[in-house]
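Take a look at the structure set out below.
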Amino acid sequence: MSFENIQWTWMNGEFVPWAESTVPLSTHALHYGTGVFEGIRSYLVDGEPAIFRLDAHLDRFYKSAAVYGLRIPFSPTQLTEAICGLIRRNGLTESYIRPIAYMGAETLGIRAQCSTDTAILAWPQMVHVSEQSRRRGARLTVSPYRKFDARMMPTTAKACGQYLNSRLATMEASRRGYDEALLLNIDGNVAEAAVANIFLVNGRTLHTNDDKSSILMGITRDSILQLAVAEGFRVEVGTITVDDLRQADEVFLCGTACEIVPVAELDGSKIGRTSPGPVTEQICRAFDLAKTGTSLEWRHWLHPVAEMQVAGLRC
Ligand SMILES: Cc1ncc(COP(=O)(O)O)c(C=O)c1O
């Protein structure tokens, strides 16, 4: 990932050259992680960029902010315009978009209420998973780090400081030569991977868990649940154990950054007969058709980036 070719960012209502989009050293969020963010993608749809599930991402952005008492001083319409404008200015097509709202620089008191700064960064590619993991399946390991419980920090908020947990688990898994860390919750059941949700497949049924298992409620997870039903699969949402994963026909991870990644093994034990399995492949195909606007049924998930001209007005 490189930001060298990114010319513009957006900060507090203005487009700002990337090199000038800096924050003061006293920024509260830098010290205490008091910020919230989103990870969103745009895809090429009919030769033009379109943003995947923008409304759902913005909805989660405002909800995450509310949890931490951050008041984002821009409306969803203003942020939508800012995101689309940023993609156009940078000449991006397929891109990864990172809005962030964070406590500003007036004071470093833990009790203080600073202003909320809002910024957006967008760049061409977010490579979270190697091509090999995508093709042959990722090697997953159960992390010695547990996913925090909602009584410690609200798992449904996508907040900056919360990612220290993901970072520790990812570093530890990498040190032991694994592709991805699987975090268990405090009850010892499966929560999620460091930055992705998890599904298992048995026959024609897809299983995943929900917020009761200490997960971020992923938007890719939600898209897959809807796609799976449309593809004629049964879906079940509830607790998943490590044994459930070991005995599953197929397991895959999903998230905006990794999209859908088959899991080939868990701590050295192979999962299922082939990786990727046939159901994972079918879901991947359905997801690809949806994100590129090829399936008309899911076109409402895509927000066009192009400026619309209505009777000579720009909107
Ligand atoms: C901890 C965590 N879980 C799950 C996900 C997947 O969420 P989404 O599909 O909305 O990207 C992410 C990705 O941001 C994540 O960071």
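Labeling convention for the structure tokens: chains A, B, ... as they appear, residues from 1 per chain, ligands from 1 in order of appearance.
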Please return as a ChimeraX atom specification the residues found within 9 Å of ligand 1, counting only C-alpha atoms and all ligand atoms.
/A:38-40,56-57,60,155-156,158,162-163,166,191-198,215-223,253-259
Asp149 in chain A: which residues within 7 Å, counting only C-alpha atoms, same-chain residues fewer than 5 positions away excluded, as a PyMOL selection string?
chain A and resi 155+185-186+214
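Comparing A:Ile224, A:Val201, A:Val261, A:Ile87 by their smallest distance to Trp298 in chain A, the closest is A:Ile224 (using only C-alpha atoms).
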Restricting the calculation to only C-alpha atoms, which member of A:Gly188, A:Pro17, A:Gly85, A:Pro154 is positioned closest to Asp243 in chain A?
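Answer, going by the shortest atom-to-atom distance: A:Gly188.
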Which residue is closest to Ile100 in chain A? Choose from A:Val305, A:Val235, A:Val36, A:Ala181 and count only C-alpha atoms.
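Once distances to Ile100 in chain A are computed over only C-alpha atoms, the minimum belongs to A:Val36.
Omitting Phe3 in chain A and its sequence neighbours fewer than 2 positions away, and counting only C-alpha atoms, the residues within 9 Å are Met1, Asn5, Ile6, Gln7, Trp18, Ala122, Trp123 and Pro124 of chain A.
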Length of the CA of Glu172 in chain A to CA of Val242 in chain A vector [Å]:
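So the answer is 18.8 Å.
The shell of residues at most 12 Å from Thr274 in chain A, with only C-alpha atoms counted and near chain neighbours (fewer than 4 positions) removed, consists of Arg135, Arg136, Gly137, Ala248, Asp249, Glu250, Val251, Pro262, Val263, Ala264, Glu265, Lys270, Pro278, Val279, Thr280 and Glu281 of chain A.
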Can you work out the spacing between CA of Leu206 in chain A and CA of Val229 in chain A in Å, to one decimal?
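So the answer is 9.4 Å.
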When you look at Pro304 in chain A with a cut-off of 7 Å (counting only C-alpha atoms), what residues show up, excluding the ones that are within fewer than 4 positions of it in the same chain? I need them as a list in words.
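In the requested format, the answer is Pro49, Ala50 and Ile51 of chain A.
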Write the residues of the preceding selection, restricted to N, CA and C atoms, as a PDB file, in the first residue's frame.
```pdb
ATOM      1  N   PRO A  49     -16.613   4.435 -11.341  1.00  0.00           N
ATOM      2  CA  PRO A  49     -16.565   3.979  -9.944  1.00  0.00           C
ATOM      3  C   PRO A  49     -17.916   4.113  -9.251  1.00  0.00           C
ATOM      4  N   ALA A  50     -18.209   3.137  -8.400  1.00  0.00           N
ATOM      5  CA  ALA A  50     -19.418   3.193  -7.568  1.00  0.00           C
ATOM      6  C   ALA A  50     -19.044   2.634  -6.201  1.00  0.00           C
ATOM      7  N   ILE A  51     -19.636   3.186  -5.163  1.00  0.00           N
ATOM      8  CA  ILE A  51     -19.251   2.823  -3.793  1.00  0.00           C
ATOM      9  C   ILE A  51     -20.195   1.745  -3.268  1.00  0.00           C
TER      10      ILE A  51
END
```
Counting only C-alpha atoms, what is within 9 Å of range 69-71 of chain A, bar same-chain residues fewer than 3 positions away, as a PyMOL selection string?
chain A and resi 34-36+62+64-66+74+101-103+113-116
Quick one: residues within 8 Å of Leu266 in chain A, only C-alpha atoms, excluding same-chain residues fewer than 3 positions away - as a list in words?
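Neighbouring residues, sequence-local ones excluded: Arg139, Leu140, Thr141, Val142, Arg246, Val263, Ser269, Lys270 and Ile271 of chain A.
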Please, could you write that set of residues out with C-alpha atoms as a PDB file, in the first residue's frame?
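Wrote it out as out_1.pdb, contents follow:
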```pdb
ATOM      1  CA  ARG A 139      -3.824 -20.587   7.294  1.00  0.00           C
ATOM      2  CA  LEU A 140      -5.610 -19.575  10.475  1.00  0.00           C
ATOM      3  CA  THR A 141      -4.471 -19.915  14.085  1.00  0.00           C
ATOM      4  CA  VAL A 142      -6.325 -19.483  17.368  1.00  0.00           C
ATOM      5  CA  ARG A 246     -12.654 -27.995  12.673  1.00  0.00           C
ATOM      6  CA  VAL A 263      -9.721 -20.826   5.137  1.00  0.00           C
ATOM      7  CA  SER A 269      -5.531 -29.156  10.629  1.00  0.00           C
ATOM      8  CA  LYS A 270      -7.021 -29.077   7.158  1.00  0.00           C
ATOM      9  CA  ILE A 271     -10.593 -27.815   6.876  1.00  0.00           C
TER      10      ILE A 271
END
```
Strand (DSSP E or B) positions in range 56-186 of chain A, given as a list in words
Ser95, Tyr96, Ile97, Arg98, Pro99, Ile100, Ala101, Tyr102, Met103, Thr116, Asp117, Thr118, Ala119, Ile120, Leu121, Ala122, Trp123, Ala138, Arg139, Leu140, Thr141, Val142, Ala159, Glu180, Ala181, Leu182, Leu183 and Leu184 of chain A
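Reported to one decimal place, the separation of CA of Ala157 in chain A from CA of Arg111 in chain A is 19.9 Å.
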Among range 126-185 of chain A, which ones does DSSP assign to helix (DSSP H, G or I) (computed from the backbone)? Answer as a PyMOL selection string.
chain A and resi 131-136+160-175
Write a file of the just-selected residues containing N, CA and C atoms, as a compact mmCIF listing (two decimals), in the first residue's frame.
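See part-v3.txt below for the written result:
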```txt
# COMPACT_ATOMS: atom_id res chain seq x y z
N GLU A 131 -2.22 -13.08 -2.54
CA GLU A 131 -2.90 -13.77 -3.65
C GLU A 131 -2.97 -15.28 -3.36
N GLN A 132 -1.90 -15.79 -2.73
CA GLN A 132 -1.85 -17.23 -2.42
C GLN A 132 -2.96 -17.62 -1.43
N SER A 133 -3.16 -16.78 -0.38
CA SER A 133 -4.24 -17.08 0.59
C SER A 133 -5.59 -17.05 -0.11
N ARG A 134 -5.74 -16.07 -1.00
CA ARG A 134 -7.03 -15.95 -1.69
C ARG A 134 -7.30 -17.18 -2.56
N ARG A 135 -6.25 -17.65 -3.25
CA ARG A 135 -6.42 -18.79 -4.18
C ARG A 135 -6.51 -20.13 -3.45
N ARG A 136 -5.58 -20.34 -2.50
CA ARG A 136 -5.48 -21.67 -1.88
C ARG A 136 -6.13 -21.74 -0.51
N CYS A 160 -10.86 3.54 16.85
CA CYS A 160 -9.41 3.46 16.62
C CYS A 160 -8.70 2.64 17.69
N GLY A 161 -8.87 3.01 18.97
CA GLY A 161 -8.13 2.36 20.04
C GLY A 161 -8.42 0.87 20.14
N GLN A 162 -9.61 0.46 19.70
CA GLN A 162 -9.99 -0.96 19.82
C GLN A 162 -9.10 -1.86 18.95
N TYR A 163 -8.44 -1.25 17.94
CA TYR A 163 -7.66 -2.05 17.01
C TYR A 163 -6.30 -2.48 17.56
N LEU A 164 -5.95 -2.05 18.76
CA LEU A 164 -4.72 -2.58 19.37
C LEU A 164 -4.87 -4.08 19.62
N ASN A 165 -6.09 -4.50 19.93
CA ASN A 165 -6.38 -5.93 20.13
C ASN A 165 -6.12 -6.70 18.82
N SER A 166 -6.60 -6.18 17.69
CA SER A 166 -6.40 -6.82 16.39
C SER A 166 -4.92 -6.82 16.01
N ARG A 167 -4.26 -5.72 16.32
CA ARG A 167 -2.84 -5.58 15.97
C ARG A 167 -2.00 -6.62 16.73
N LEU A 168 -2.25 -6.75 18.02
CA LEU A 168 -1.48 -7.72 18.81
C LEU A 168 -1.70 -9.14 18.29
N ALA A 169 -2.97 -9.47 18.02
CA ALA A 169 -3.28 -10.82 17.56
C ALA A 169 -2.64 -11.09 16.20
N THR A 170 -2.66 -10.08 15.31
CA THR A 170 -2.08 -10.26 13.97
C THR A 170 -0.57 -10.42 14.05
N MET A 171 0.09 -9.58 14.88
CA MET A 171 1.55 -9.68 15.00
C MET A 171 1.95 -11.04 15.54
N GLU A 172 1.19 -11.51 16.53
CA GLU A 172 1.53 -12.79 17.17
C GLU A 172 1.34 -13.94 16.18
N ALA A 173 0.25 -13.91 15.40
CA ALA A 173 0.00 -14.98 14.41
C ALA A 173 1.08 -14.96 13.33
N SER A 174 1.48 -13.76 12.88
CA SER A 174 2.53 -13.65 11.85
C SER A 174 3.85 -14.21 12.37
N ARG A 175 4.16 -13.91 13.62
CA ARG A 175 5.43 -14.42 14.19
C ARG A 175 5.47 -15.93 14.15
```
Compare A:Ile260, A:Ala230, A:Cys84, A:Ile240 by their minimum atom-to-atom distance to Ser295 in chain A, counting only C-alpha atoms, and give me the closest one.
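Selected residue with least distance to Ser295 in chain A: A:Ala230.
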